[in-house]
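K.L.:
This is coords18.txt (compact mmCIF, C-alpha atoms and all ligand atoms).
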# COMPACT_ATOMS: atom_id res chain seq x y z
CA MET M 205 128.84 -90.09 13.76
CA SER M 206 131.37 -92.76 14.58
CA ASP M 207 132.51 -95.23 11.96
CA SER M 208 132.96 -98.05 14.44
CA ARG M 209 130.25 -100.44 15.55
CA ILE M 210 128.25 -99.50 18.60
CA PHE M 211 126.24 -101.74 20.91
CA ASN M 212 122.90 -101.55 19.14
CA PHE M 213 119.89 -102.16 21.39
CA SER M 214 117.39 -101.43 18.63
CA ALA M 215 114.16 -103.45 18.76
CA GLY M 216 114.30 -104.25 15.06
CA PRO M 217 115.86 -104.35 12.62
CA ALA M 218 118.31 -105.39 15.28
CA THR M 219 121.90 -106.33 15.81
CA LEU M 220 123.19 -109.39 13.96
CA PRO M 221 126.02 -111.69 15.06
CA LEU M 222 129.33 -110.12 14.08
CA PRO M 223 130.75 -113.39 12.66
CA VAL M 224 127.71 -113.58 10.37
CA LEU M 225 128.25 -110.06 9.06
CA GLU M 226 131.93 -110.79 8.55
CA GLN M 227 131.19 -113.93 6.59
CA ALA M 228 128.58 -112.15 4.47
CA GLN M 229 131.16 -109.44 3.83
CA ALA M 230 133.79 -111.97 2.81
CA GLU M 231 131.30 -113.63 0.43
CA LEU M 232 129.58 -110.47 -0.76
CA LEU M 233 131.28 -110.14 -4.13
CA CYS M 234 131.50 -113.81 -4.90
CA TYR M 235 129.53 -116.54 -3.17
CA PRO M 236 131.77 -119.64 -3.20
CA GLY M 237 131.21 -121.61 -6.39
CA ALA M 238 128.66 -119.16 -7.79
CA GLY M 239 130.96 -116.62 -9.41
CA ALA M 240 128.69 -113.79 -8.30
CA SER M 241 127.05 -112.32 -5.22
CA VAL M 242 124.11 -114.11 -3.60
CA MET M 243 122.15 -111.00 -4.62
CA GLU M 244 122.96 -111.59 -8.27
CA ILE M 245 122.19 -115.26 -8.78
CA SER M 246 118.94 -116.95 -9.73
CA HIS M 247 116.69 -118.12 -6.94
CA ARG M 248 116.48 -121.33 -8.97
CA SER M 249 120.25 -121.81 -9.16
CA LYS M 250 122.07 -124.69 -7.53
CA ALA M 251 123.93 -122.32 -5.21
CA PHE M 252 120.73 -120.75 -3.93
CA ALA M 253 119.03 -124.13 -3.61
CA GLY M 254 121.83 -125.07 -1.20
CA ILE M 255 121.33 -121.89 0.82
CA LEU M 256 117.56 -122.40 1.08
CA GLU M 257 118.02 -126.03 2.05
CA GLU M 258 120.51 -125.16 4.77
CA ALA M 259 118.31 -122.41 6.19
CA LYS M 260 115.36 -124.79 6.42
CA SER M 261 117.31 -127.69 7.81
CA ASN M 262 119.14 -125.57 10.41
CA LEU M 263 115.82 -124.17 11.64
CA LYS M 264 114.31 -127.65 11.85
CA THR M 265 117.34 -128.92 13.73
CA LEU M 266 117.26 -126.02 16.19
CA LEU M 267 113.55 -126.57 16.84
CA GLY M 268 113.71 -130.35 16.75
CA ALA M 269 110.97 -130.22 14.11
CA SER M 270 110.03 -133.51 12.44
CA ASP M 271 108.91 -133.89 8.84
CA GLU M 272 105.42 -133.14 10.11
CA TYR M 273 106.44 -129.48 9.83
CA HIS M 274 107.12 -127.23 6.86
CA VAL M 275 109.49 -124.28 7.01
CA LEU M 276 108.47 -121.35 4.81
CA PHE M 277 109.91 -117.93 4.04
CA THR M 278 107.09 -115.52 3.28
CA PRO M 279 107.14 -111.90 2.13
CA GLY M 280 105.74 -109.02 4.15
CA GLY M 281 107.18 -109.84 7.56
CA ALA M 282 105.07 -110.76 10.58
CA THR M 283 102.39 -108.21 9.72
CA MET M 284 101.53 -110.07 6.53
CA GLN M 285 101.17 -113.22 8.61
CA PHE M 286 98.48 -111.50 10.72
CA SER M 287 96.36 -111.46 7.54
CA MET M 288 97.60 -114.62 5.86
CA LEU M 289 96.90 -116.95 8.76
CA ALA M 290 93.38 -115.56 9.10
CA MET M 291 92.69 -115.88 5.36
CA ASN M 292 93.82 -119.51 5.47
CA PHE M 293 92.35 -120.65 8.77
CA LEU M 294 89.72 -118.25 10.12
CA LYS M 295 87.56 -117.98 7.00
CA GLY M 296 84.42 -116.51 8.53
CA GLY M 297 84.63 -118.64 11.68
CA THR M 298 85.77 -117.79 15.20
CA ALA M 299 89.26 -117.71 16.67
CA ASP M 300 90.58 -117.00 20.17
CA TYR M 301 93.26 -114.35 20.62
CA ILE M 302 95.22 -113.67 23.78
CA ASN M 303 95.81 -109.93 23.87
CA VAL M 304 99.03 -109.21 25.74
CA GLY M 305 100.07 -105.98 24.04
CA SER M 306 100.54 -103.86 20.95
CA TRP M 307 101.42 -106.62 18.50
CA ALA M 308 98.68 -108.97 19.68
CA SER M 309 96.21 -106.11 19.20
CA LYS M 310 97.40 -105.60 15.65
CA ALA M 311 97.12 -109.30 14.89
CA MET M 312 93.53 -109.21 16.16
CA LYS M 313 92.63 -106.18 14.09
CA GLU M 314 93.82 -107.83 10.89
CA ALA M 315 92.18 -111.19 11.64
CA ALA M 316 88.87 -109.43 12.31
CA ARG M 317 88.64 -108.74 8.56
CA CYS M 318 88.27 -112.50 8.01
CA GLY M 319 85.97 -113.63 10.80
CA THR M 320 85.11 -113.32 14.48
CA VAL M 321 88.02 -112.55 16.76
CA ARG M 322 87.27 -113.46 20.37
CA THR M 323 89.37 -112.03 23.16
CA ALA M 324 90.38 -115.02 25.27
CA TRP M 325 92.13 -112.64 27.67
CA SER M 326 93.23 -109.03 27.56
CA GLY M 327 95.85 -107.19 29.56
CA LYS M 328 94.78 -103.83 28.18
CA ASN M 329 93.13 -102.52 31.36
CA GLU M 330 96.31 -103.29 33.28
CA ASN M 331 98.41 -101.48 30.68
CA TYR M 332 99.89 -104.74 29.42
CA VAL M 333 102.24 -105.43 32.32
CA ARG M 334 101.85 -109.21 32.36
CA VAL M 335 100.80 -112.36 30.55
CA PRO M 336 97.81 -114.40 31.80
CA ALA M 337 97.80 -117.60 33.81
CA ASN M 338 96.13 -120.55 32.08
CA SER M 339 93.23 -120.35 34.56
CA GLU M 340 92.40 -116.84 33.31
CA LEU M 341 91.89 -117.86 29.69
CA ASP M 342 88.34 -117.87 28.37
CA LEU M 343 88.49 -120.28 25.44
CA ASP M 344 85.73 -121.05 22.96
CA PRO M 345 85.35 -124.75 22.08
CA LYS M 346 84.36 -123.66 18.57
CA ALA M 347 87.48 -121.60 17.93
CA ALA M 348 89.41 -122.51 14.79
CA TYR M 349 92.67 -121.78 16.62
CA VAL M 350 94.16 -119.94 19.57
CA HIS M 351 96.65 -117.17 18.77
CA PHE M 352 99.19 -115.74 21.20
CA THR M 353 102.19 -113.44 21.04
CA SER M 354 105.01 -115.16 22.89
CA ASN M 355 106.92 -111.93 23.49
CA GLU M 356 105.47 -108.42 23.33
CA THR M 357 108.33 -106.41 21.92
CA ILE M 358 106.96 -103.00 22.89
CA GLN M 359 105.83 -103.75 26.45
CA GLY M 360 108.65 -106.19 27.23
CA ILE M 361 106.54 -109.07 28.50
CA GLN M 362 106.96 -112.72 27.61
CA PHE M 363 105.21 -116.03 28.17
CA SER M 364 107.44 -118.44 30.08
CA SER M 365 105.52 -121.40 28.66
CA GLU M 366 102.84 -121.98 26.06
CA PRO M 367 99.22 -121.30 27.04
CA GLU M 368 97.17 -124.45 27.60
CA VAL M 369 94.59 -124.64 24.78
CA ASN M 370 92.80 -127.98 25.19
CA GLY M 371 93.95 -129.47 21.90
CA LYS M 372 93.03 -126.46 19.74
CA PRO M 373 95.57 -125.55 17.04
CA LEU M 374 98.02 -123.16 18.71
CA PHE M 375 99.28 -120.24 16.60
CA CYS M 376 102.12 -118.03 17.75
CA ASP M 377 103.68 -114.75 16.74
CA ALA M 378 107.23 -115.36 17.96
CA SER M 379 108.79 -112.45 16.09
CA SER M 380 110.80 -111.09 18.97
CA ASP M 381 111.74 -114.26 20.82
CA PHE M 382 112.17 -116.80 18.01
CA LEU M 383 114.96 -119.26 18.88
CA CYS M 384 115.78 -117.49 22.17
CA ARG M 385 115.23 -120.75 24.11
CA PRO M 386 114.34 -124.39 23.46
CA THR M 387 110.82 -124.68 22.08
CA ASP M 388 108.63 -127.79 21.95
CA ILE M 389 107.46 -127.22 18.40
CA ASN M 390 105.02 -130.12 18.67
CA LYS M 391 102.75 -127.88 20.72
CA TYR M 392 102.28 -125.57 17.73
CA ALA M 393 100.23 -125.76 14.57
CA LEU M 394 101.71 -122.49 13.27
CA LEU M 395 104.60 -120.41 14.53
CA TYR M 396 105.86 -117.36 12.69
CA ALA M 397 108.44 -114.66 13.19
CA GLY M 398 109.40 -111.52 11.32
CA ALA M 399 113.07 -112.14 10.60
CA GLN M 400 114.51 -108.79 11.68
CA LYS M 401 114.51 -109.34 15.45
CA ASN M 402 116.28 -112.59 16.03
CA ILE M 403 117.18 -114.32 12.79
CA GLY M 404 118.07 -111.95 9.93
CA PRO M 405 117.26 -108.81 7.97
CA SER M 406 113.75 -107.39 7.56
CA GLY M 407 111.05 -108.06 4.98
CA THR M 408 110.52 -111.79 5.45
CA ALA M 409 108.80 -113.99 7.98
CA VAL M 410 109.88 -117.48 8.92
CA VAL M 411 106.81 -119.70 9.16
CA ILE M 412 106.76 -123.15 10.76
CA LEU M 413 103.54 -124.88 9.77
CA ARG M 414 102.22 -128.31 10.73
CA LYS M 415 101.40 -130.32 7.63
CA ASP M 416 97.86 -131.33 8.52
CA MET M 417 96.82 -127.66 8.60
CA LEU M 418 97.13 -127.53 4.83
CA ASP M 419 93.88 -129.50 4.49
CA GLN M 420 92.03 -126.42 5.72
CA VAL M 421 93.44 -123.95 3.20
CA PRO M 422 90.61 -122.66 0.99
CA GLU M 423 90.71 -122.48 -2.79
CA ASN M 424 91.47 -119.34 -4.74
CA LEU M 425 93.56 -117.37 -2.31
CA PRO M 426 96.11 -115.01 -3.86
CA PRO M 427 99.11 -117.29 -4.45
CA LEU M 428 101.54 -115.54 -2.10
CA LEU M 429 98.92 -115.65 0.68
CA ASP M 430 98.15 -119.34 0.21
CA TYR M 431 100.17 -121.63 2.52
CA LYS M 432 99.46 -124.63 0.32
CA ASN M 433 100.85 -122.87 -2.71
CA MET M 434 103.87 -121.66 -0.75
CA VAL M 435 104.56 -125.21 0.47
CA GLU M 436 104.10 -126.73 -2.98
CA ASN M 437 106.60 -124.25 -4.38
CA ASP M 438 109.04 -124.49 -1.46
CA SER M 439 108.78 -120.70 -0.85
CA LEU M 440 109.83 -120.13 -4.47
CA TYR M 441 106.50 -119.27 -6.10
CA ASN M 442 107.95 -115.89 -6.95
CA THR M 443 111.43 -114.50 -6.31
CA PRO M 444 111.89 -114.60 -2.54
CA ALA M 445 114.14 -112.31 -0.49
CA THR M 446 117.21 -114.32 -1.43
CA PHE M 447 119.77 -112.27 0.48
CA THR M 448 117.61 -112.36 3.61
CA ILE M 449 117.30 -116.15 3.38
CA TYR M 450 121.07 -116.34 2.93
CA ILE M 451 121.62 -114.36 6.16
CA ILE M 452 119.07 -116.57 7.93
CA SER M 453 121.11 -119.59 6.85
CA LEU M 454 124.21 -118.00 8.40
CA VAL M 455 122.52 -116.90 11.65
CA SER M 456 120.96 -120.33 12.13
CA ARG M 457 124.37 -121.93 11.44
CA TRP M 458 125.93 -119.58 14.02
CA LEU M 459 123.30 -120.66 16.57
CA LEU M 460 124.03 -124.31 15.92
CA LYS M 461 127.80 -124.30 15.50
CA GLU M 462 129.12 -121.32 17.47
CA ILE M 463 126.55 -121.00 20.24
CA GLY M 464 125.88 -124.74 20.38
CA GLY M 465 122.09 -124.84 20.21
CA LEU M 466 119.12 -123.35 21.99
CA GLU M 467 119.83 -124.63 25.53
CA LYS M 468 123.12 -122.74 25.44
CA MET M 469 121.50 -119.70 23.86
CA TYR M 470 118.85 -119.69 26.56
CA ALA M 471 121.42 -119.81 29.36
CA ILE M 472 123.25 -116.82 27.86
CA ASN M 473 120.00 -114.92 27.31
CA LYS M 474 118.88 -115.48 30.90
CA ASP M 475 122.23 -114.24 32.21
CA LYS M 476 122.07 -111.13 30.03
CA ALA M 477 118.53 -110.25 31.11
CA LYS M 478 119.32 -110.85 34.77
CA LEU M 479 122.14 -108.29 34.68
CA LEU M 480 119.72 -105.56 33.62
CA TYR M 481 116.76 -106.55 35.80
CA ASP M 482 119.07 -106.81 38.80
CA ALA M 483 120.25 -103.26 38.12
CA VAL M 484 116.62 -102.10 37.96
CA ASP M 485 115.65 -103.96 41.15
CA ALA M 486 118.66 -102.70 43.10
CA SER M 487 118.12 -99.07 42.10
CA GLY M 488 115.61 -98.20 44.83
CA GLY M 489 113.10 -96.96 42.27
CA PHE M 490 115.46 -94.84 40.19
CA TYR M 491 114.93 -97.39 37.41
CA ARG M 492 111.38 -98.72 37.23
CA GLY M 493 110.56 -101.81 35.17
CA HIS M 494 107.34 -101.87 33.15
CA ALA M 495 106.65 -105.62 33.31
CA LEU M 496 105.60 -107.47 36.44
CA PRO M 497 108.51 -109.72 37.50
CA ASP M 498 106.85 -113.02 36.50
CA SER M 499 106.20 -111.74 32.98
CA ARG M 500 109.51 -110.05 32.30
CA SER M 501 110.91 -110.56 28.82
CA ILE M 502 114.44 -111.83 28.41
CA MET M 503 114.52 -110.15 24.97
CA ASN M 504 113.16 -106.62 25.53
CA VAL M 505 113.87 -104.98 28.88
CA THR M 506 111.51 -101.99 29.35
CA PHE M 507 112.05 -99.42 32.08
CA ARG M 508 111.70 -95.79 33.08
CA VAL M 509 114.51 -93.63 34.44
CA GLY M 510 114.33 -91.05 37.27
CA THR M 511 112.51 -87.92 36.08
CA GLU M 512 111.46 -87.14 32.49
CA GLU M 513 114.47 -84.86 32.20
CA GLN M 514 116.84 -87.53 33.53
CA GLU M 515 115.38 -90.06 31.13
CA LYS M 516 116.22 -87.81 28.18
CA GLN M 517 119.75 -87.36 29.51
CA PHE M 518 120.06 -91.09 30.05
CA LEU M 519 119.20 -91.78 26.42
CA SER M 520 121.47 -89.12 24.97
CA GLN M 521 124.43 -89.92 27.22
CA ALA M 522 124.02 -93.64 26.54
CA ALA M 523 124.03 -92.99 22.79
CA ALA M 524 127.14 -90.86 23.16
CA ALA M 525 128.76 -93.78 25.00
CA GLY M 526 128.04 -96.14 22.11
CA LEU M 527 124.88 -97.68 23.61
CA ASP M 528 122.18 -96.81 21.12
CA GLY M 529 118.61 -97.78 20.24
CA LEU M 530 117.45 -97.56 23.85
CA LYS M 531 114.49 -95.27 23.36
CA GLY M 532 111.21 -97.05 24.10
CA HIS M 533 108.55 -97.42 21.43
CA ARG M 534 106.76 -94.14 20.72
CA SER M 535 103.48 -95.61 21.96
CA VAL M 536 104.74 -96.29 25.51
CA GLY M 537 107.82 -94.08 25.96
CA GLY M 538 110.58 -94.80 28.43
CA CYS M 539 113.55 -96.98 27.65
CA ARG M 540 113.85 -100.39 26.10
CA ALA M 541 116.98 -102.49 25.82
CA SER M 542 116.48 -105.14 23.16
CA ILE M 543 118.94 -107.89 23.95
CA TYR M 544 118.26 -110.47 21.28
CA ASN M 545 120.41 -113.54 20.68
CA ALA M 546 123.04 -111.57 18.79
CA MET M 547 123.59 -108.94 21.49
CA PRO M 548 126.86 -110.01 23.11
CA MET M 549 127.25 -110.21 26.88
CA GLU M 550 129.83 -107.38 26.67
CA GLY M 551 127.14 -105.07 25.33
CA VAL M 552 124.80 -105.86 28.22
CA VAL M 553 127.61 -105.48 30.77
CA ALA M 554 128.46 -102.10 29.23
CA LEU M 555 124.82 -101.01 29.54
CA ARG M 556 124.55 -102.27 33.12
CA ASP M 557 127.73 -100.41 34.06
CA PHE M 558 126.40 -97.29 32.37
CA MET M 559 123.14 -97.58 34.34
CA LEU M 560 124.99 -97.89 37.64
CA GLU M 561 127.21 -94.93 36.87
CA PHE M 562 124.30 -92.79 35.63
CA GLN M 563 122.43 -93.42 38.86
CA ARG M 564 125.52 -92.71 40.96
CA VAL M 565 125.88 -89.30 39.32
CA ASN M 566 122.18 -88.40 38.97
CA GLY M 567 120.29 -90.52 41.47
C1 LIG D 1 108.23 -106.53 14.97
C2 LIG D 1 107.07 -107.36 15.29
C3 LIG D 1 106.03 -107.56 14.37
C4 LIG D 1 106.00 -106.89 13.02
O1 LIG D 1 106.96 -107.40 12.19
P1 LIG D 1 107.08 -106.91 10.65
O2 LIG D 1 108.09 -107.85 10.12
O3 LIG D 1 107.54 -105.48 10.70
O4 LIG D 1 105.76 -107.03 10.03
C5 LIG D 1 104.99 -108.39 14.73
N1 LIG D 1 104.96 -108.99 15.92
C6 LIG D 1 105.92 -108.81 16.84
C7 LIG D 1 105.83 -109.52 18.15
C8 LIG D 1 107.01 -108.00 16.56
O5 LIG D 1 107.98 -107.82 17.46
Translate the structure of the given file into structure tokens.
Ligand SMILES: *Cc1c(COP(=O)(O)O)cnc(C)c1O
P.N.:
Amino acid sequence: MSDSRIFNFSAGPATLPLPVLEQAQAELLCYPGAGASVMEISHRSKAFAGILEEAKSNLKTLLGASDEYHVLFTPGGATMQFSMLAMNFLKGGTADYINVGSWASKAMKEAARCGTVRTAWSGKNENYVRVPANSELDLDPKAAYVHFTSNETIQGIQFSSEPEVNGKPLFCDASSDFLCRPTDINKYALLYAGAQKNIGPSGTAVVILRKDMLDQVPENLPPLLDYKNMVENDSLYNTPATFTIYIISLVSRWLLKEIGGLEKMYAINKDKAKLLYDAVDASGGFYRGHALPDSRSIMNVTFRVGTEEQEKQFLSQAAAAGLDGLKGHRSVGGCRASIYNAMPMEGVVALRDFMLEFQRVNG
């Protein structure tokens, strides 16, 4: 095993911006003014209050979110949100879910414990190769909300714009494409993301919740699963994942100050994805993309390589060349290059060059 950093294409936990890791390293033993590590200070201390405030305000700035929105940090990642949102807002009623892949299916399974989950559209019979057009959605006027997964991490498909939901509250699992492009947050009642893809370490979800939704929260939920309680306590009902929130404050600062905001991030992300999809498209079928072109994700590029044997060689030779984490999810196989915000262009160029060379030798 090498001691130097590789290009890490892992789907999550995923690569973080190097300047963020360097700053965390520099501040690891002593957070400025605190006399101790962020990991060692009270979540009610002044120093941590500043970190939490910055994380929230950076996220609101990046999303252009008004004071109509709360920013929360909840335990249990995105999976806990599958349950929490249903406990708060489904409550024995009906909700519409757009099933575009593995994560949407899991969200539906958890919500079904709390009410009726309607399938507004499913890509299952097509093996989840695309997202639906608005005209294909079958929406129920009585639905409490419409839930969609903006980017399916495993299949590598992504919505290019929000589904049209006729004024229903729109809920979104944005775990794997959070902050990858400008987002009109005003279209959403609830948007959540497990932190470990695009914004920080694992174990926490970022939740953006529109204030008026709190009126619907029922009484007597367990306190950590009660959005109202979490809002009233500013995510500090119990001890939150303080170090994770600290890294989120640094990643969001990096997006604002070093990248220069989400328009710039989006331009970089599109360029990165294009390099890989162009290599797939120009390969004459040696590389075969999973997603239909209109639904291709700019975060997770899924593809197959040559024969089964060649695919194994591709993965092992890539890893040996310092391009790791490319194995597709065990449920679908193949290869997947996760190229989140923090994956530098150099990493994607190195992978593209590796793909071209591998095909030249083996194709
Ligand atoms: C990774 C992922 C999840 C699960 O996140 P956890 O934080 O592990 O619960 C849910 N949805 C999507 C789209 C994901 O990519």
K.L.:
Taking all atoms listed in the file into account, which of M:Asn437, M:Gln521, M:Ser379, M:Ser542 comes nearest ligand LIG 1 (chain D)?
P.N.:
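Of the candidates, the smallest distance to ligand LIG 1 (chain D) is held by M:Ser379.
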K.L.:
Work out how far apart CA of Asn262 in chain M and CA of Pro444 in chain M are and give it in Å to one decimal.
P.N.:
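Straight-line distance from CA of Asn262 in chain M to CA of Pro444 in chain M works out to 18.5 Å.
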K.L.:
For a cut-off of 12 Å around (125.4, -93.6, 24.8), file coordinates, pick out all residues using only C-alpha atoms and list them as a list in words.
P.N.:
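Residues with an atom at most 12 Å from (125.4, -93.6, 24.8): Ser206, Ile210, Phe211, Asn212, Phe213, Lys516, Gln517, Phe518, Leu519, Ser520, Gln521, Ala522, Ala523, Ala524, Ala525, Gly526, Leu527, Asp528, Gly529, Leu530, Lys531, Gly551, Ala554, Leu555, Asp557, Phe558, Met559 and Phe562 of chain M.
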K.L.:
Could you list, as a PyMOL selection string, all residues that come within 7 Å of ligand LIG 1 (chain D)? Count all atoms listed in the file.
P.N.:
chain M and resi 216+280-284+307+353+355-357+377-380+398-401+406-409
K.L.:
Generate the output file for the selected residues, C-alpha atoms, as a PDB file, in the coordinates of the input.
P.N.:
ATOM      1  CA  GLY M 216     114.300-104.250  15.060  1.00  0.00           C
ATOM      2  CA  GLY M 280     105.740-109.020   4.150  1.00  0.00           C
ATOM      3  CA  GLY M 281     107.180-109.840   7.560  1.00  0.00           C
ATOM      4  CA  ALA M 282     105.070-110.760  10.580  1.00  0.00           C
ATOM      5  CA  THR M 283     102.390-108.210   9.720  1.00  0.00           C
ATOM      6  CA  MET M 284     101.530-110.070   6.530  1.00  0.00           C
ATOM      7  CA  TRP M 307     101.420-106.620  18.500  1.00  0.00           C
ATOM      8  CA  THR M 353     102.190-113.440  21.040  1.00  0.00           C
ATOM      9  CA  ASN M 355     106.920-111.930  23.490  1.00  0.00           C
ATOM     10  CA  GLU M 356     105.470-108.420  23.330  1.00  0.00           C
ATOM     11  CA  THR M 357     108.330-106.410  21.920  1.00  0.00           C
ATOM     12  CA  ASP M 377     103.680-114.750  16.740  1.00  0.00           C
ATOM     13  CA  ALA M 378     107.230-115.360  17.960  1.00  0.00           C
ATOM     14  CA  SER M 379     108.790-112.450  16.090  1.00  0.00           C
ATOM     15  CA  SER M 380     110.800-111.090  18.970  1.00  0.00           C
ATOM     16  CA  GLY M 398     109.400-111.520  11.320  1.00  0.00           C
ATOM     17  CA  ALA M 399     113.070-112.140  10.600  1.00  0.00           C
ATOM     18  CA  GLN M 400     114.510-108.790  11.680  1.00  0.00           C
ATOM     19  CA  LYS M 401     114.510-109.340  15.450  1.00  0.00           C
ATOM     20  CA  SER M 406     113.750-107.390   7.560  1.00  0.00           C
ATOM     21  CA  GLY M 407     111.050-108.060   4.980  1.00  0.00           C
ATOM     22  CA  THR M 408     110.520-111.790   5.450  1.00  0.00           C
ATOM     23  CA  ALA M 409     108.800-113.990   7.980  1.00  0.00           C
TER      24      ALA M 409
END
K.L.:
Would you mind reading off the distance between CA of Ile449 in chain M and CA of Val350 in chain M, one decimal, in Å?
P.N.:
28.5 Å
